[in-house]
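A.B. asks: I am attaching a structure below and will ask some questions about it afterwards.
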Amino acid sequence: MLWPTLSVDNFFQNPDAVINFANSIKYKKEHGGYPGKRSLPLHIENNDFFLTSTRKIISLLYPNEINQGYLNWHATQYFQKVSPKEYNSSFVHQDLEEEFTSIVYLSDEEDAGTAIFKKIKEPVPDYQTKTKRDAYLDSKKQNKQFKKELKQNRDCYKQVFEFTSLKNRLVLFDSSQFHAVNNYGKENKDRLTLITFFKSIVRTDGQPLKFHVNECQKL
């Protein structure tokens, strides 16, 4: 694990403008990899917003380097909406193709955060099953097999802590951390988040990039 775990309140200066933007664009379900629906990648939807918001996120980790223009990064970013009427919780998982994950909560809902887990049991059953994908594409397909697989997945982990989903709170964690949603909130309102998956950060001045956890462990 290379990246720290952060929680930052009042992340956007004008969160209502971000919410209005999120509510002005289209969403779709795709491939059943996650519950609910997502926007197009935001570098396609609005590249100015994508560049500004990802730069703001990286400034939490590397404020000097980013102000001096020494960093390039590769990330994908989406708005995501999940209806509590459709889903109660999610599978514990990792974002294995990423370096670190950032989530900004944009709903008026404090009980729809993100929980971090540790593994306590082996072997962990594969959760990328057809049953799960079908249920994530169509919530009416949450049958007995889906519930069984969800329980088997959850039984392999123990919760370590949970971020409370305060509106305009950003959370950031190493993508290798096991995480899940325990509750998607109240039935009458979608859980709206801004999710960013950072795949790489590199320095452009030829100097090596230092990683927070590694630097701490040297002392």
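Chain labels A, B, ... are given in the sequence in which chains occur in the structure tokens; within each chain residues are numbered consecutively from 1, and ligands are likewise numbered from 1 in the order shown.
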Using only C-alpha atoms, which protein or nucleic acid residues come within 10 Å of Gly33 in chain A? Drop anything in the same chain fewer than 2 positions from it, and give the result as an mmCIF file with N, CA and C atoms, in the first residue's frame.

C.D. replies:
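Dumped to result.cif:
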data_model
loop_
_atom_site.group_PDB
_atom_site.id
_atom_site.type_symbol
_atom_site.label_atom_id
_atom_site.label_comp_id
_atom_site.auth_asym_id
_atom_site.auth_seq_id
_atom_site.Cartn_x
_atom_site.Cartn_y
_atom_site.Cartn_z
ATOM 1 N N LYS A 29 -26.490 2.625 -17.186
ATOM 2 C CA LYS A 29 -25.927 1.415 -16.607
ATOM 3 C C LYS A 29 -25.087 0.729 -17.671
ATOM 4 N N GLU A 30 -23.964 0.159 -17.225
ATOM 5 C CA GLU A 30 -23.059 -0.431 -18.207
ATOM 6 C C GLU A 30 -22.327 -1.617 -17.604
ATOM 7 N N HIS A 31 -22.394 -2.748 -18.205
ATOM 8 C CA HIS A 31 -21.652 -3.994 -17.950
ATOM 9 C C HIS A 31 -21.848 -4.625 -16.569
ATOM 10 N N PRO A 35 -23.307 -1.008 -8.895
ATOM 11 C CA PRO A 35 -24.741 -0.727 -8.781
ATOM 12 C C PRO A 35 -25.063 0.678 -9.267
ATOM 13 N N GLY A 36 -26.300 0.910 -9.652
ATOM 14 C CA GLY A 36 -26.707 2.237 -10.080
ATOM 15 C C GLY A 36 -26.253 2.561 -11.484
ATOM 16 N N GLN A 128 -17.132 -11.340 -9.121
ATOM 17 C CA GLN A 128 -17.442 -10.867 -10.469
ATOM 18 C C GLN A 128 -18.204 -11.959 -11.229
ATOM 19 N N THR A 129 -19.361 -12.291 -10.716
ATOM 20 C CA THR A 129 -20.148 -13.381 -11.285
ATOM 21 C C THR A 129 -21.261 -12.831 -12.173
ATOM 22 N N LYS A 132 -24.112 -11.424 -10.086
ATOM 23 C CA LYS A 132 -23.927 -10.046 -9.616
ATOM 24 C C LYS A 132 -24.080 -9.049 -10.755
ATOM 25 N N ARG A 133 -23.488 -9.331 -11.884
ATOM 26 C CA ARG A 133 -23.588 -8.408 -13.020
ATOM 27 C C ARG A 133 -25.038 -8.228 -13.453
ATOM 28 N N ASP A 134 -25.784 -9.322 -13.499
ATOM 29 C CA ASP A 134 -27.192 -9.235 -13.889
ATOM 30 C C ASP A 134 -27.982 -8.380 -12.902
ATOM 31 N N ALA A 135 -27.699 -8.551 -11.609
ATOM 32 C CA ALA A 135 -28.425 -7.801 -10.578
ATOM 33 C C ALA A 135 -28.043 -6.328 -10.585
ATOM 34 N N TYR A 136 -26.788 -6.019 -10.916
ATOM 35 C CA TYR A 136 -26.371 -4.624 -10.993
ATOM 36 C C TYR A 136 -26.913 -3.931 -12.241
ATOM 37 N N LEU A 137 -27.207 -4.707 -13.269
ATOM 38 C CA LEU A 137 -27.841 -4.141 -14.460
ATOM 39 C C LEU A 137 -29.343 -3.991 -14.289
#

A.B. asks: Report as a PyMOL selection string all protein, DNA and RNA residues lying within 7 Å of range 165-178 of chain A, evaluated on only C-alpha atoms, omitting residues in the same chain fewer than 2 positions from it.

C.D. replies: chain A and resi 1-12+15+92-96+98-113+116-118+163

A.B. asks: Distance table requested - range 5-29 of chain A against range 37-53 of chain A, cut-off 12 Å, only C-alpha atoms: one row per qualifying residue with the closest atom pair and its distance in Å to one decimal, ordered by chain and rising residue number, as JSON lines.

C.D. replies:
{"residue": "A:Phe11", "atom": "CA", "partner": "A:Ser53", "partner_atom": "CA", "distance": 9.9}
{"residue": "A:Phe12", "atom": "CA", "partner": "A:Ser53", "partner_atom": "CA", "distance": 8.7}
{"residue": "A:Gln13", "atom": "CA", "partner": "A:Ser53", "partner_atom": "CA", "distance": 11.2}
{"residue": "A:Pro15", "atom": "CA", "partner": "A:Ser53", "partner_atom": "CA", "distance": 11.8}
{"residue": "A:Ala17", "atom": "CA", "partner": "A:Phe49", "partner_atom": "CA", "distance": 11.4}
{"residue": "A:Val18", "atom": "CA", "partner": "A:Phe49", "partner_atom": "CA", "distance": 9.2}
{"residue": "A:Phe21", "atom": "CA", "partner": "A:Asn46", "partner_atom": "CA", "distance": 9.7}
{"residue": "A:Ala22", "atom": "CA", "partner": "A:Ser39", "partner_atom": "CA", "distance": 8.3}
{"residue": "A:Asn23", "atom": "CA", "partner": "A:Ser39", "partner_atom": "CA", "distance": 9.9}
{"residue": "A:Ser24", "atom": "CA", "partner": "A:Ser39", "partner_atom": "CA", "distance": 10.3}
{"residue": "A:Ile25", "atom": "CA", "partner": "A:Ser39", "partner_atom": "CA", "distance": 7.1}
{"residue": "A:Lys26", "atom": "CA", "partner": "A:Ser39", "partner_atom": "CA", "distance": 6.0}
{"residue": "A:Tyr27", "atom": "CA", "partner": "A:Ser39", "partner_atom": "CA", "distance": 4.4}
{"residue": "A:Lys28", "atom": "CA", "partner": "A:Lys37", "partner_atom": "CA", "distance": 5.0}
{"residue": "A:Lys29", "atom": "CA", "partner": "A:Lys37", "partner_atom": "CA", "distance": 4.6}

A.B. asks: Looking at A:Ala115, A:Val124, A:Leu219, A:Val213, which one is nearest to Leu61 in chain A, with distances taken over only C-alpha atoms?

C.D. replies: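 Among the listed residues, A:Val213 lies closest to Leu61 in chain A.
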
A.B. asks: Which polymer residues have any atom within 7 Å of an atom of range 80-89 of chain A, counting only C-alpha atoms, with same-chain residues fewer than 3 positions away left out, as a PDB file with C-alpha atoms, in the first residue's frame?

C.D. replies:
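Now in selection_20.pdb:
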ATOM      1  CA  PRO A  35     -24.741  -0.727  -8.781  1.00  0.00           C
ATOM      2  CA  GLY A  36     -26.707   2.237 -10.080  1.00  0.00           C
ATOM      3  CA  LYS A  37     -25.683   4.301 -13.074  1.00  0.00           C
ATOM      4  CA  ARG A  38     -22.794   6.527 -14.098  1.00  0.00           C
ATOM      5  CA  SER A  39     -22.173   9.497 -16.327  1.00  0.00           C
ATOM      6  CA  SER A 139     -32.126  -4.509  -9.527  1.00  0.00           C
ATOM      7  CA  VAL A 181     -21.017   0.620   0.846  1.00  0.00           C
ATOM      8  CA  ASN A 182     -23.102  -0.593   3.792  1.00  0.00           C
ATOM      9  CA  ASN A 183     -26.124   1.586   3.114  1.00  0.00           C
ATOM     10  CA  TYR A 184     -27.153   3.698   0.136  1.00  0.00           C
ATOM     11  CA  GLY A 185     -29.271   6.087   2.174  1.00  0.00           C
ATOM     12  CA  LYS A 186     -32.926   7.034   2.280  1.00  0.00           C
ATOM     13  CA  GLU A 187     -35.379   5.506  -0.153  1.00  0.00           C
ATOM     14  CA  LYS A 189     -33.227  10.124  -2.865  1.00  0.00           C
ATOM     15  CA  ASP A 190     -30.373   8.871  -5.030  1.00  0.00           C
ATOM     16  CA  ARG A 191     -26.896   8.671  -3.532  1.00  0.00           C
ATOM     17  CA  LEU A 192     -24.854  11.033  -5.697  1.00  0.00           C
ATOM     18  CA  THR A 193     -21.058  10.832  -5.673  1.00  0.00           C
ATOM     19  CA  LEU A 194     -18.127  11.996  -7.748  1.00  0.00           C
TER      20      LEU A 194
END

A.B. asks: Name the residues in contact with Phe146 in chain A at a cut-off of 9 Å, using only C-alpha atoms, excluding same-chain residues fewer than 4 positions from it; report them as a list in words.

C.D. replies: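 Surrounding residues, per the criterion: Thr131, Lys132, Ala135, Lys141, Gln142, Leu150 and Lys151 of chain A.
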
A.B. asks: Rank nothing, just name the residue among A:Cys216, A:Ile57, A:Ile19, A:Leu71 nearest to Val202 in chain A, using only C-alpha atoms.

C.D. replies: A:Leu71
